[in-house]
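Listing of data-v8.cif; format and content: mmCIF, C-alpha atoms and all ligand atoms.
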```
data_coords
#
loop_
_atom_site.label_atom_id
_atom_site.label_comp_id
_atom_site.auth_asym_id
_atom_site.auth_seq_id
_atom_site.Cartn_x
_atom_site.Cartn_y
_atom_site.Cartn_z
CA MET A 1173 -23.39 77.29 -67.08
CA SER A 1174 -23.21 78.10 -70.78
CA ILE A 1175 -22.45 81.71 -71.56
CA MET A 1176 -24.16 82.97 -74.66
CA PRO A 1177 -23.36 86.49 -75.94
CA VAL A 1178 -25.92 88.54 -74.08
CA LYS A 1179 -26.08 91.21 -76.80
CA ASP A 1180 -27.51 88.63 -79.20
CA MET A 1181 -30.50 88.11 -77.01
CA PHE A 1182 -32.07 91.53 -77.48
CA ASN A 1183 -33.21 93.47 -80.42
CA SER A 1184 -31.56 96.81 -81.05
CA SER A 1185 -34.37 98.93 -79.61
CA ALA A 1186 -34.28 97.07 -76.28
CA ARG A 1187 -30.49 97.50 -76.18
CA ASP A 1188 -30.80 101.19 -77.01
CA SER A 1189 -33.34 101.84 -74.31
CA LEU A 1190 -31.20 100.01 -71.73
CA SER A 1191 -27.98 101.71 -72.71
CA ARG A 1192 -29.51 105.17 -72.30
CA HIS A 1193 -29.29 104.75 -68.53
CA GLU A 1194 -26.32 104.88 -66.21
CA PRO A 1195 -25.29 101.36 -65.17
CA LEU A 1196 -26.66 100.40 -61.75
CA SER A 1197 -24.09 99.57 -59.08
CA VAL A 1198 -24.19 96.02 -57.72
CA VAL A 1199 -22.74 94.50 -54.55
CA GLY A 1200 -22.81 90.74 -53.93
CA ILE A 1201 -23.02 88.86 -50.65
CA CYS A 1202 -21.76 85.27 -50.62
CA VAL A 1203 -22.51 84.93 -54.35
CA ASP A 1204 -20.84 81.74 -55.63
CA ASP A 1205 -17.91 82.06 -58.05
CA GLU A 1206 -19.73 80.71 -61.08
CA THR A 1207 -22.66 83.16 -60.69
CA TRP A 1208 -20.31 86.08 -60.05
CA ARG A 1209 -18.33 85.19 -63.21
CA PHE A 1210 -21.57 85.18 -65.16
CA LEU A 1211 -22.47 88.57 -63.74
CA LYS A 1212 -19.06 89.94 -64.77
CA LEU A 1213 -19.61 88.82 -68.36
CA PHE A 1214 -23.14 90.18 -68.24
CA ALA A 1215 -21.88 93.57 -66.97
CA GLU A 1216 -19.22 93.73 -69.69
CA SER A 1217 -21.53 92.87 -72.54
CA LEU A 1218 -24.55 94.97 -71.51
CA ALA A 1219 -23.76 98.18 -69.69
CA MET A 1220 -26.75 97.77 -67.38
CA ILE A 1221 -24.82 97.06 -64.20
CA GLN A 1222 -21.45 97.79 -62.70
CA LEU A 1223 -20.12 95.25 -60.22
CA ARG A 1224 -18.51 96.72 -57.12
CA LEU A 1225 -17.51 93.89 -54.81
CA CYS A 1226 -18.60 90.53 -53.57
CA SER A 1227 -18.27 89.81 -49.87
CA GLY A 1228 -17.64 86.25 -48.72
CA ASP A 1229 -19.66 86.31 -45.49
CA TYR A 1230 -22.94 87.47 -44.04
CA ARG A 1231 -21.33 89.66 -41.36
CA VAL A 1232 -23.70 92.62 -41.02
CA GLN A 1233 -24.45 93.39 -37.37
CA ASP A 1234 -26.01 96.86 -37.15
CA HIS A 1235 -27.05 99.96 -39.07
CA GLU A 1236 -23.53 101.47 -39.21
CA SER A 1237 -21.88 98.27 -40.33
CA VAL A 1238 -24.49 97.83 -43.11
CA LEU A 1239 -23.63 101.20 -44.56
CA GLU A 1240 -19.89 100.61 -44.15
CA TYR A 1241 -20.24 97.22 -45.72
CA LEU A 1242 -22.27 98.30 -48.74
CA GLY A 1243 -20.17 101.40 -49.42
CA ASP A 1244 -21.08 105.04 -49.87
CA PRO A 1245 -23.25 105.78 -51.78
CA THR A 1246 -25.11 102.55 -51.14
CA PRO A 1247 -25.43 100.36 -54.25
CA GLU A 1248 -28.58 100.31 -56.32
CA ILE A 1249 -28.73 96.50 -56.16
CA CYS A 1250 -27.46 94.01 -53.60
CA LEU A 1251 -27.41 90.34 -54.60
CA VAL A 1252 -27.68 88.01 -51.62
CA ASP A 1253 -26.91 84.34 -52.25
CA PHE A 1254 -29.18 82.22 -50.03
CA ASP A 1255 -27.47 78.87 -50.66
CA LYS A 1256 -24.58 79.03 -48.18
CA ASP A 1257 -26.73 79.71 -45.10
CA ARG A 1258 -30.40 80.61 -45.65
CA ARG A 1259 -30.97 81.96 -42.14
CA SER A 1260 -28.01 84.33 -42.21
CA ALA A 1261 -28.91 85.37 -45.75
CA ALA A 1262 -32.46 86.25 -44.68
CA SER A 1263 -31.26 88.23 -41.67
CA VAL A 1264 -28.65 90.10 -43.72
CA ALA A 1265 -31.33 90.97 -46.28
CA GLU A 1266 -33.60 92.26 -43.50
CA ARG A 1267 -30.83 94.46 -42.09
CA ILE A 1268 -29.94 95.88 -45.47
CA HIS A 1269 -33.59 96.53 -46.22
CA ALA A 1270 -34.06 98.40 -42.93
CA SER A 1271 -30.83 100.42 -43.15
CA ALA A 1272 -30.66 101.08 -46.88
CA PRO A 1273 -34.26 100.97 -48.18
CA GLU A 1274 -33.20 102.52 -51.49
CA THR A 1275 -31.10 99.44 -52.30
CA ALA A 1276 -33.02 96.75 -54.19
CA ILE A 1277 -32.18 93.28 -52.83
CA PHE A 1278 -32.15 90.29 -55.20
CA ALA A 1279 -32.08 86.81 -53.69
CA VAL A 1280 -30.18 84.20 -55.72
CA SER A 1281 -30.47 80.51 -55.01
CA HIS A 1282 -30.63 77.02 -56.46
CA GLN A 1283 -33.86 76.40 -54.61
CA SER A 1284 -37.11 77.27 -56.31
CA GLN A 1285 -39.72 75.98 -53.83
CA PRO A 1286 -42.45 78.53 -52.97
CA ASP A 1287 -41.46 78.46 -49.27
CA SER A 1288 -37.91 79.53 -50.08
CA ILE A 1289 -39.17 82.33 -52.31
CA ILE A 1290 -41.64 83.58 -49.69
CA GLU A 1291 -38.92 83.53 -47.01
CA ALA A 1292 -36.68 85.71 -49.18
CA MET A 1293 -39.48 88.13 -50.11
CA ARG A 1294 -40.44 88.47 -46.42
CA SER A 1295 -36.89 89.45 -45.57
CA GLY A 1296 -37.10 92.36 -48.00
CA CYS A 1297 -35.88 90.91 -51.32
CA SER A 1298 -37.73 92.38 -54.27
CA GLU A 1299 -36.56 89.71 -56.78
CA TYR A 1300 -35.79 86.00 -56.53
CA LEU A 1301 -33.44 84.66 -59.20
CA VAL A 1302 -33.00 80.93 -59.54
CA LYS A 1303 -29.55 79.58 -60.46
CA PRO A 1304 -28.17 79.17 -63.05
CA LEU A 1305 -29.14 82.78 -63.67
CA ASN A 1306 -31.31 83.39 -66.67
CA ARG A 1307 -30.18 86.43 -68.62
CA GLU A 1308 -33.63 87.49 -69.66
CA GLN A 1309 -34.92 87.27 -66.08
CA LEU A 1310 -31.91 89.29 -64.92
CA VAL A 1311 -32.51 91.98 -67.54
CA THR A 1312 -36.19 92.22 -66.52
CA ALA A 1313 -35.34 92.45 -62.82
CA ILE A 1314 -32.66 95.11 -63.39
CA GLY A 1315 -35.02 96.92 -65.77
CA ARG A 1316 -37.60 97.14 -62.99
CA VAL A 1317 -35.11 98.74 -60.62
CA ALA A 1318 -33.96 101.16 -63.35
CA ALA A 1319 -37.58 102.10 -64.14
CA ARG A 1320 -38.37 102.76 -60.47
CA ARG A 1321 -35.31 104.99 -60.15
CA ARG A 1322 -36.22 106.85 -63.31
CA ASP A 1323 -39.81 107.35 -62.08
CA LYS A 1324 -38.49 108.65 -58.78
CA LYS A 1325 -36.14 111.08 -60.45
CA GLU A 1326 -38.52 112.32 -63.08
CA SER A 1327 -41.61 112.87 -61.00
CA SER A 1328 -41.79 115.51 -58.36
CA LYS A 1329 -42.73 113.45 -55.35
CA ALA A 1330 -45.38 114.31 -52.79
CA GLN A 1331 -44.25 115.31 -49.35
CA LEU A 1332 -44.99 112.47 -46.98
CA LEU A 1333 -46.11 113.83 -43.60
CA GLY A 1334 -46.70 111.48 -40.66
CA PHE A 1335 -48.95 112.48 -37.72
CA ILE A 1336 -48.76 110.49 -34.52
CA GLY A 1337 -50.28 111.09 -31.09
CA ALA A 1338 -48.26 111.17 -27.87
CA LYS A 1339 -51.13 108.97 -26.59
CA GLY A 1340 -54.64 108.11 -27.73
CA GLY A 1341 -57.12 110.97 -28.10
CA CYS A 1342 -54.61 113.85 -28.49
CA GLY A 1343 -56.40 115.03 -31.63
CA VAL A 1344 -54.41 113.49 -34.51
CA THR A 1345 -57.45 112.69 -36.62
CA THR A 1346 -59.05 116.07 -35.91
CA VAL A 1347 -55.89 117.90 -36.97
CA ILE A 1348 -55.05 115.76 -40.00
CA THR A 1349 -58.56 115.78 -41.51
CA GLN A 1350 -58.97 119.55 -41.18
CA PHE A 1351 -55.41 120.25 -42.29
CA GLY A 1352 -55.77 117.93 -45.31
CA ALA A 1353 -59.13 119.36 -46.42
CA LEU A 1354 -57.75 122.91 -46.17
CA LEU A 1355 -54.57 122.07 -48.08
CA ALA A 1356 -56.72 120.59 -50.84
CA ASN A 1357 -59.27 123.37 -50.90
CA SER A 1358 -57.68 126.67 -49.87
CA TYR A 1359 -54.36 125.97 -51.62
CA SER A 1360 -55.49 123.62 -54.42
CA ARG A 1361 -52.97 120.96 -53.44
CA LYS A 1362 -53.53 117.38 -54.51
CA THR A 1363 -53.72 115.81 -51.07
CA LEU A 1364 -54.29 112.28 -49.79
CA ILE A 1365 -54.84 111.05 -46.24
CA VAL A 1366 -53.92 107.47 -45.43
CA ASP A 1367 -55.54 106.13 -42.25
CA LEU A 1368 -53.06 103.63 -40.90
CA HIS A 1369 -55.05 102.44 -37.90
CA PRO A 1370 -55.21 98.64 -37.99
CA GLU A 1371 -58.87 98.83 -36.95
CA PHE A 1372 -61.60 101.41 -36.25
CA GLY A 1373 -59.90 104.37 -37.94
CA ASP A 1374 -61.81 107.64 -37.56
CA ALA A 1375 -60.62 109.70 -40.54
CA ALA A 1376 -63.53 108.67 -42.82
CA LEU A 1377 -66.05 109.39 -40.05
CA TYR A 1378 -64.58 112.87 -39.34
CA LEU A 1379 -64.88 113.73 -43.04
CA GLY A 1380 -68.44 112.44 -43.27
CA LEU A 1381 -67.41 109.72 -45.74
CA THR A 1382 -69.35 106.49 -45.53
CA LYS A 1383 -69.33 103.01 -47.04
CA PRO A 1384 -65.64 102.43 -47.71
CA ARG A 1385 -65.03 99.58 -50.14
CA TYR A 1386 -61.46 98.66 -49.34
CA HIS A 1387 -58.91 99.75 -46.77
CA PHE A 1388 -55.22 100.59 -46.79
CA PHE A 1389 -54.00 97.20 -45.55
CA GLU A 1390 -55.65 95.56 -48.55
CA LEU A 1391 -53.68 97.89 -50.79
CA LEU A 1392 -50.48 96.90 -48.95
CA GLU A 1393 -51.22 93.26 -49.66
CA ASN A 1394 -51.59 93.88 -53.39
CA THR A 1395 -48.50 95.87 -54.27
CA GLU A 1396 -47.94 93.79 -57.40
CA ARG A 1397 -51.35 94.91 -58.77
CA MET A 1398 -50.87 98.59 -58.01
CA ASP A 1399 -51.62 100.91 -60.89
CA ALA A 1400 -53.76 104.03 -61.31
CA ASP A 1401 -57.01 102.07 -61.94
CA PHE A 1402 -56.46 99.71 -59.04
CA LEU A 1403 -55.80 102.67 -56.71
CA GLN A 1404 -59.13 104.28 -57.67
CA SER A 1405 -61.12 101.52 -55.97
CA PHE A 1406 -59.45 102.39 -52.63
CA LEU A 1407 -60.02 106.14 -52.74
CA MET A 1408 -62.81 108.05 -51.00
CA HIS A 1409 -63.32 111.59 -52.29
CA HIS A 1410 -64.19 114.52 -50.02
CA SER A 1411 -65.96 117.64 -51.29
CA SER A 1412 -62.83 119.74 -50.50
CA GLY A 1413 -60.87 117.82 -53.15
CA LEU A 1414 -59.10 115.74 -50.50
CA ASP A 1415 -58.78 111.97 -51.07
CA LEU A 1416 -58.72 109.35 -48.33
CA ILE A 1417 -57.68 105.72 -48.12
CA PRO A 1418 -59.53 104.54 -45.00
CA ALA A 1419 -58.58 102.12 -42.25
CA PRO A 1420 -60.51 98.86 -41.72
CA ASP A 1421 -64.06 99.68 -40.71
CA GLY A 1422 -64.24 97.26 -37.80
CA SER A 1423 -62.09 94.85 -35.90
CA GLU A 1424 -59.96 92.58 -38.08
CA PRO A 1425 -57.32 89.98 -37.23
CA PRO A 1426 -53.81 91.51 -37.21
CA ARG A 1427 -52.17 91.51 -40.63
CA GLU A 1428 -48.55 90.82 -41.40
CA VAL A 1429 -47.07 93.52 -43.59
CA ILE A 1430 -44.45 92.20 -45.98
CA PRO A 1431 -41.18 94.16 -45.58
CA GLY A 1432 -40.84 96.65 -48.36
CA ALA A 1433 -44.59 96.83 -49.10
CA MET A 1434 -45.02 100.04 -47.12
CA SER A 1435 -42.16 101.89 -48.88
CA GLN A 1436 -43.25 100.61 -52.26
CA THR A 1437 -46.85 101.72 -51.67
CA CYS A 1438 -45.81 105.14 -50.36
CA ASP A 1439 -43.50 105.64 -53.35
CA PHE A 1440 -46.39 104.83 -55.64
CA LEU A 1441 -48.76 107.23 -53.85
CA ARG A 1442 -46.17 110.00 -53.75
CA LEU A 1443 -46.00 110.03 -57.52
CA ARG A 1444 -49.73 110.83 -57.68
CA TYR A 1445 -50.16 113.54 -55.04
CA GLU A 1446 -48.47 116.67 -53.76
CA PHE A 1447 -49.06 115.83 -50.08
CA VAL A 1448 -49.61 112.43 -48.53
CA LEU A 1449 -50.65 112.69 -44.86
CA VAL A 1450 -50.59 109.59 -42.68
CA ASP A 1451 -52.83 109.21 -39.61
CA LEU A 1452 -50.72 106.86 -37.48
CA PRO A 1453 -51.99 105.02 -34.41
CA PRO A 1454 -50.30 106.12 -31.16
CA GLY A 1455 -47.36 104.11 -29.84
CA LEU A 1456 -44.12 103.27 -31.54
CA ASN A 1457 -43.14 99.88 -32.77
CA ASP A 1458 -40.84 98.66 -35.46
CA ASP A 1459 -43.81 97.90 -37.78
CA ASN A 1460 -44.07 101.58 -38.60
CA LEU A 1461 -40.35 102.22 -38.78
CA GLU A 1462 -40.17 101.77 -42.54
CA LEU A 1463 -42.82 104.46 -42.95
CA LEU A 1464 -41.35 106.80 -40.33
CA ARG A 1465 -38.00 106.67 -42.15
CA ASP A 1466 -39.70 107.57 -45.43
CA CYS A 1467 -41.58 110.56 -43.97
CA ASP A 1468 -40.33 114.04 -44.84
CA GLN A 1469 -41.79 115.36 -41.58
CA LEU A 1470 -43.13 113.65 -38.48
CA TYR A 1471 -45.62 115.65 -36.47
CA LEU A 1472 -45.99 114.46 -32.89
CA VAL A 1473 -49.35 115.66 -31.63
CA THR A 1474 -49.63 116.17 -27.89
CA VAL A 1475 -51.77 117.91 -25.30
CA ALA A 1476 -50.51 119.70 -22.19
CA GLU A 1477 -51.04 116.78 -19.81
CA VAL A 1478 -48.37 115.07 -17.75
CA SER A 1479 -48.93 111.59 -19.23
CA ALA A 1480 -48.94 112.86 -22.84
CA VAL A 1481 -45.79 114.93 -22.32
CA ARG A 1482 -44.03 112.00 -20.65
CA ASN A 1483 -44.87 109.81 -23.67
CA LEU A 1484 -43.75 112.55 -26.02
CA VAL A 1485 -40.30 112.60 -24.41
CA ARG A 1486 -40.09 108.82 -24.81
CA GLN A 1487 -41.23 109.02 -28.43
CA ILE A 1488 -38.61 111.59 -29.32
CA GLY A 1489 -35.92 109.47 -27.63
CA HIS A 1490 -37.09 106.35 -29.48
CA LEU A 1491 -37.11 108.11 -32.86
CA ARG A 1492 -33.60 109.45 -32.29
CA ARG A 1493 -32.33 105.99 -31.36
CA LYS A 1494 -33.81 104.72 -34.62
CA ASP A 1495 -31.78 107.33 -36.52
CA ILE A 1496 -34.75 109.47 -37.55
CA ALA A 1497 -33.23 112.87 -38.29
CA PRO A 1498 -34.12 115.31 -35.44
CA GLU A 1499 -35.01 118.07 -37.92
CA LYS A 1500 -37.84 115.88 -39.24
CA ILE A 1501 -39.53 115.73 -35.83
CA GLN A 1502 -41.94 118.56 -34.98
CA VAL A 1503 -44.23 118.88 -31.98
CA ILE A 1504 -47.83 120.06 -32.36
CA LEU A 1505 -49.50 121.17 -29.14
CA ASN A 1506 -53.22 120.57 -29.53
CA ARG A 1507 -56.01 121.94 -27.31
CA HIS A 1508 -53.71 124.81 -26.44
CA GLN A 1509 -54.86 127.27 -23.78
CA ASN A 1510 -52.95 129.80 -21.82
CA ARG A 1511 -53.75 128.43 -18.39
CA SER A 1512 -52.90 124.75 -18.55
CA ALA A 1513 -51.42 122.68 -15.75
CA VAL A 1514 -48.27 122.04 -17.81
CA THR A 1515 -46.89 125.23 -19.36
CA ASP A 1516 -45.42 125.60 -22.85
CA ALA A 1517 -42.05 126.46 -21.30
CA GLN A 1518 -42.07 123.25 -19.24
CA ILE A 1519 -42.93 121.18 -22.32
CA GLU A 1520 -40.16 122.78 -24.39
CA LYS A 1521 -37.68 122.22 -21.61
CA VAL A 1522 -38.35 118.48 -21.27
CA ILE A 1523 -38.51 117.78 -24.99
CA GLY A 1524 -35.42 119.89 -25.72
CA GLN A 1525 -37.01 121.61 -28.71
CA LYS A 1526 -39.50 124.35 -29.54
CA ILE A 1527 -43.20 123.61 -29.98
CA PHE A 1528 -43.73 123.89 -33.73
CA TRP A 1529 -47.49 124.69 -33.83
CA ARG A 1530 -50.26 125.36 -31.32
CA VAL A 1531 -53.88 124.50 -32.10
CA PRO A 1532 -56.44 126.25 -29.87
CA ASN A 1533 -58.72 124.37 -27.50
CA GLN A 1534 -62.22 124.76 -28.95
CA TYR A 1535 -64.25 121.66 -28.23
CA ALA A 1536 -67.62 122.92 -29.51
CA GLN A 1537 -66.13 124.07 -32.83
CA VAL A 1538 -64.27 120.81 -33.35
CA MET A 1539 -67.35 118.74 -32.60
CA LYS A 1540 -69.43 120.81 -35.03
CA THR A 1541 -66.84 120.23 -37.79
CA ILE A 1542 -66.83 116.49 -37.09
CA HIS A 1543 -70.65 116.34 -37.15
CA GLU A 1544 -70.86 118.21 -40.43
CA GLY A 1545 -67.82 116.52 -41.97
CA ASP A 1546 -66.69 119.66 -43.78
CA PRO A 1547 -63.73 121.61 -42.31
CA VAL A 1548 -63.76 124.05 -45.26
CA ALA A 1549 -67.32 125.22 -44.52
CA GLN A 1550 -66.26 126.05 -40.93
CA LEU A 1551 -63.44 128.40 -41.91
CA SER A 1552 -65.38 131.57 -41.08
CA ASN A 1553 -66.56 130.47 -37.64
CA SER A 1554 -63.97 128.01 -36.36
CA GLU A 1555 -60.81 129.29 -34.75
CA VAL A 1556 -59.34 125.78 -35.09
CA ALA A 1557 -60.00 125.68 -38.87
CA ARG A 1558 -58.47 129.16 -39.31
CA ASN A 1559 -55.44 128.15 -37.28
CA LEU A 1560 -54.92 124.99 -39.35
CA ASN A 1561 -55.54 126.93 -42.55
CA GLU A 1562 -52.64 129.19 -41.61
CA TRP A 1563 -50.35 126.20 -41.14
CA ALA A 1564 -51.59 124.65 -44.41
CA GLY A 1565 -50.77 127.95 -46.14
CA ALA A 1566 -47.26 127.93 -44.69
CA ILE A 1567 -46.44 124.66 -46.42
CA GLY A 1568 -49.01 124.61 -49.24
CA ARG A 1569 -49.30 128.08 -50.72
CA LYS A 1570 -47.81 128.07 -54.20
CA PRO A 1571 -45.45 130.99 -54.82
CA GLY A 1572 -47.26 133.95 -56.40
CA THR A 1573 -50.79 132.64 -55.68
CA GLU A 1574 -53.59 133.86 -53.42
CA GLU A 1575 -55.38 131.62 -50.99
CA LYS A 1576 -58.70 130.46 -52.46
CA LYS A 1577 -61.55 131.83 -50.33
CA SER A 1578 -64.38 129.47 -49.54
CA GLY A 1579 -67.82 129.85 -48.02
CA ILE A 1580 -68.60 133.26 -46.59
CA LEU A 1581 -64.95 134.36 -46.90
CA GLY A 1582 -65.33 133.84 -50.63
CA LEU A 1583 -68.17 136.38 -50.74
CA TRP A 1584 -65.88 139.14 -49.42
CA ASN A 1585 -63.57 138.51 -52.32
CA ARG A 1586 -66.12 139.20 -55.03
N1 LIG B 1 -58.34 121.53 -30.79
C1 LIG B 1 -59.26 120.85 -30.10
N2 LIG B 1 -60.05 121.46 -29.20
C2 LIG B 1 -60.96 120.77 -28.51
N3 LIG B 1 -61.19 119.47 -28.64
C3 LIG B 1 -60.44 118.79 -29.51
C4 LIG B 1 -59.43 119.44 -30.29
N4 LIG B 1 -58.84 118.50 -31.09
C5 LIG B 1 -59.47 117.34 -30.80
N5 LIG B 1 -60.42 117.50 -29.87
C6 LIG B 1 -61.29 116.45 -29.31
O1 LIG B 1 -60.49 115.41 -28.77
C7 LIG B 1 -61.09 114.15 -29.00
C8 LIG B 1 -60.09 113.22 -29.63
O2 LIG B 1 -59.75 113.71 -30.92
P1 LIG B 1 -59.26 112.76 -32.09
O3 LIG B 1 -60.22 111.66 -32.32
O4 LIG B 1 -58.92 113.65 -33.22
O5 LIG B 1 -57.93 112.19 -31.42
P2 LIG B 1 -56.96 111.05 -31.98
O6 LIG B 1 -55.61 111.41 -31.52
O7 LIG B 1 -57.17 110.87 -33.42
O8 LIG B 1 -57.52 109.79 -31.19
P3 LIG B 1 -57.21 108.23 -31.46
O9 LIG B 1 -55.99 107.94 -30.65
O10 LIG B 1 -58.44 107.55 -30.93
O11 LIG B 1 -57.01 108.04 -32.92
C9 LIG B 1 -62.32 114.41 -29.86
O12 LIG B 1 -63.45 114.39 -29.05
C10 LIG B 1 -62.09 115.78 -30.42
O13 LIG B 1 -63.29 116.45 -30.64
MG MG B 2 -57.64 109.08 -34.48
#
```
Would you give me this structure, written as structure tokens?
Amino acid sequence: MSIMPVKDMFNSSARDSLSRHEPLSVVGICVDDETWRFLKLFAESLAMIQLRLCSGDYRVQDHESVLEYLGDPTPEICLVDFDKDRRSAASVAERIHASAPETAIFAVSHQSQPDSIIEAMRSGCSEYLVKPLNREQLVTAIGRVAARRRDKKESSKAQLLGFIGAKGGCGVTTVITQFGALLANSYSRKTLIVDLHPEFGDAALYLGLTKPRYHFFELLENTERMDADFLQSFLMHHSSGLDLIPAPDGSEPPREVIPGAMSQTCDFLRLRYEFVLVDLPPGLNDDNLELLRDCDQLYLVTVAEVSAVRNLVRQIGHLRRKDIAPEKIQVILNRHQNRSAVTDAQIEKVIGQKIFWRVPNQYAQVMKTIHEGDPVAQLSNSEVARNLNEWAGAIGRKPGTEEKKSGILGLWNR
């Protein structure tokens, strides 16, 4: 590999813009000597990266060992060489991606066939660099990581709030659509709902929005095209100011989500909103784990029924085993009434935590809101809307501002 002075390759403005940033820390896994030597020279001549260590084997077994292995804080970039053992390299990349999603993983390899590249991307690598490394390609790849970090730091990110039912029909879509519309309208918060049901999502229906053009899974499949214009074609706009990215309208064959696509998409959406609310299908599987880890809060919506409470206990246990911080998990008791078969005290005892919010049981009001598709218009005559408006105010009211009154409540304010 011929080593040309890297500095000579860039004009002064490119060098200036690169040198304004802190070098990104890099860890290598099984990177061959020649490539590592090149990286050392690269790091010395352009202060874009700082090499930490290069491990000689793919020995990452579990979450703890990944973090121990990568060091604390975890590096910004991890280079995984795929040439020694492609299988082990792919599984190490997957583990790192799951345990340290903030670390960008670059695959390096002599092989440049599409299959090899796809395999690496599927295991969570965001870049694929073919040996001998090309300096310009390396600068571009590192530049992308630096730009993403800068974007993250500079923009105030939306809170990502996940809503998931203890079982089907607990009221997730009812709660999330009303809560979202009230956050957007009463508290003027830029709010987006993402309907993550793989088929037949109800969020658009409950908001009276029809004729969706594209759904969220199509956005996930096009992360490389994501920009503000592209996003527009996925958005449905509600009269409250709330935006929605709907679920597929009907039944579709199951889609494979490329590892990393969910985090990347959420990061992109968080830069454009103040609150991103996710309507998750009930049940826990590792497909949603990437998203659950990214959420600032996870609201588990239950009703006071034995089967729902039993599932709730299992859900909480599962989330804890997956290292989701307990303080992120909050329980919402929907359809609350004072005389239910399972009492609040019994629920709190089995789940080992307090119920965070209670939404009253008002079937007729909820059905009216769904039929009319406008939670804001129901504020004056729906106990459920008022209850959710109070919760929206608790997290959405900007310091020093009054709640905006809508409908008949607005008249009293004149
Ligand atoms: N607070 C409430 N009081 C009375 N009925 C309610 C309440 N919340 C929801 N419901 C009713 O419960 C039913 C299920 O609600 P919803 O569709 O919101 O549940 P879900 O958890 O989203 O269901 P799915 O698992 O199908 O996505 C609906 O008929 C809705 O009207
Ligand atoms: Mg639903």
Nearby residues (only C-alpha atoms) at most 9 Å from Ala1330 (chain A), same-chain spacing under 2 positions excluded, as number ranges by chain
A: 1328, 1332, 1362-1363, 1439, 1441-1448
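Distance annotation: of A:Ala1219, A:Leu1310, A:Ile1542, A:Cys1342, the residue with the minimal separation from Tyr1378 (chain A) is A:Ile1542; atom set is all atoms listed in the file.
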Measuring between all atoms listed in the file, which one of A:His1269, A:Gln1537, A:Ala1376, A:Leu1472 shows the shortest distance to Gln1550 (chain A)?
A:Gln1537
Expected axis-aligned box over every listed atom of ligand LIG 1 (chain B), 5 Å added per side, centre plus edges in Å to one decimal, as AutoDock Vina command-line options:
```
--center_x -59.5 --center_y 114.5 --center_z -31.0 --size_x 17.8 --size_y 24.0 --size_z 14.9
```
Report as a Markdown table the residues of chain A within 7 Å of ligand LIG 1 (chain B), each with its shortest atom pair and distance in Å (one decimal), using only C-alpha atoms and all ligand atoms, ordered by chain and increasing residue number.
```
| residue | atom | partner | partner_atom | distance |
| --- | --- | --- | --- | --- |
| A:Gly1337 | CA | B:LIG1 | O6 | 5.4 |
| A:Lys1339 | CA | B:LIG1 | O9 | 6.4 |
| A:Gly1340 | CA | B:LIG1 | O9 | 3.2 |
| A:Gly1341 | CA | B:LIG1 | O8 | 3.3 |
| A:Cys1342 | CA | B:LIG1 | O6 | 4.0 |
| A:Gly1343 | CA | B:LIG1 | O5 | 3.2 |
| A:Val1344 | CA | B:LIG1 | O6 | 3.8 |
| A:Thr1345 | CA | B:LIG1 | O7 | 3.7 |
| A:Thr1346 | CA | B:LIG1 | O4 | 3.6 |
| A:Val1347 | CA | B:LIG1 | O4 | 6.4 |
| A:Gly1373 | CA | B:LIG1 | O11 | 6.9 |
| A:Asp1374 | CA | B:LIG1 | O11 | 6.7 |
| A:Pro1453 | CA | B:LIG1 | O11 | 6.0 |
| A:Pro1454 | CA | B:LIG1 | O9 | 6.0 |
| A:Asn1506 | CA | B:LIG1 | N1 | 5.4 |
| A:Arg1507 | CA | B:LIG1 | N1 | 4.2 |
| A:Val1531 | CA | B:LIG1 | N1 | 5.5 |
| A:Pro1532 | CA | B:LIG1 | N1 | 5.2 |
| A:Asn1533 | CA | B:LIG1 | N2 | 3.6 |
| A:Gln1534 | CA | B:LIG1 | N2 | 4.0 |
| A:Tyr1535 | CA | B:LIG1 | C2 | 3.4 |
| A:Val1538 | CA | B:LIG1 | O13 | 5.2 |
| A:Met1539 | CA | B:LIG1 | O13 | 5.1 |
| A:Val1556 | CA | B:LIG1 | N1 | 6.1 |
```
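Ranking A:Ala1215, A:Leu1470, A:Ala1272, A:Leu1452 by their shortest atom-to-atom distance to Ala1419 (chain A), with all atoms listed in the file included, puts A:Leu1452 first.
Comparing the minimum interatomic distances between ligand MG 2 (chain B) and each of A:Leu1225, A:Ile1430, A:Ile1348, A:Leu1354, counting all atoms listed in the file, we find that A:Ile1348 sits nearest.
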Among listed residues A:Leu1484, A:Leu1461, A:Glu1499, A:Val1475, nearest Trp1529 (chain A) (using only C-alpha atoms):
A:Val1475
Which residues, written as a ChimeraX atom specification, have at least one atom at most 10 Å from Asp1421 (chain A), with only C-alpha atoms counted and residues fewer than 3 positions away on the same chain left out?
/A:1369-1374,1376-1377,1382-1387,1418,1424
For Asp1399 (chain A), list every protein, DNA or RNA residue within 10 Å, evaluated using all atoms listed in the file, and leave out those in the same chain fewer than 4 positions away; present the list as number ranges by chain.
A: 1395, 1403-1404, 1440-1441
Residue contacts of region 1411-1416 of chain A (7 Å, only C-alpha atoms) excluding same-chain residues fewer than 6 positions away, as a ChimeraX atom specification:
/A:1352-1353,1356-1357,1363-1366,1548
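Interatomic distance, CA of Ala1270 (chain A) to CA of Asp1204 (chain A): 24.8 Å.
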When you draw a straight line from CA of Ser1197 (chain A) to CA of Gly1296 (chain A), how long is it in Å?
18.5 Å
Using all atoms listed in the file, which residues sit within 10 Å of Leu1392 (chain A) once same-chain residues fewer than 5 positions away are excluded, as a list in words?
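Answer for this query is His1387, Met1398, Glu1428, Val1429, Ile1430, Gly1432, Ala1433, Met1434, Ser1435, Gln1436, Thr1437 and Cys1438 of chain A.
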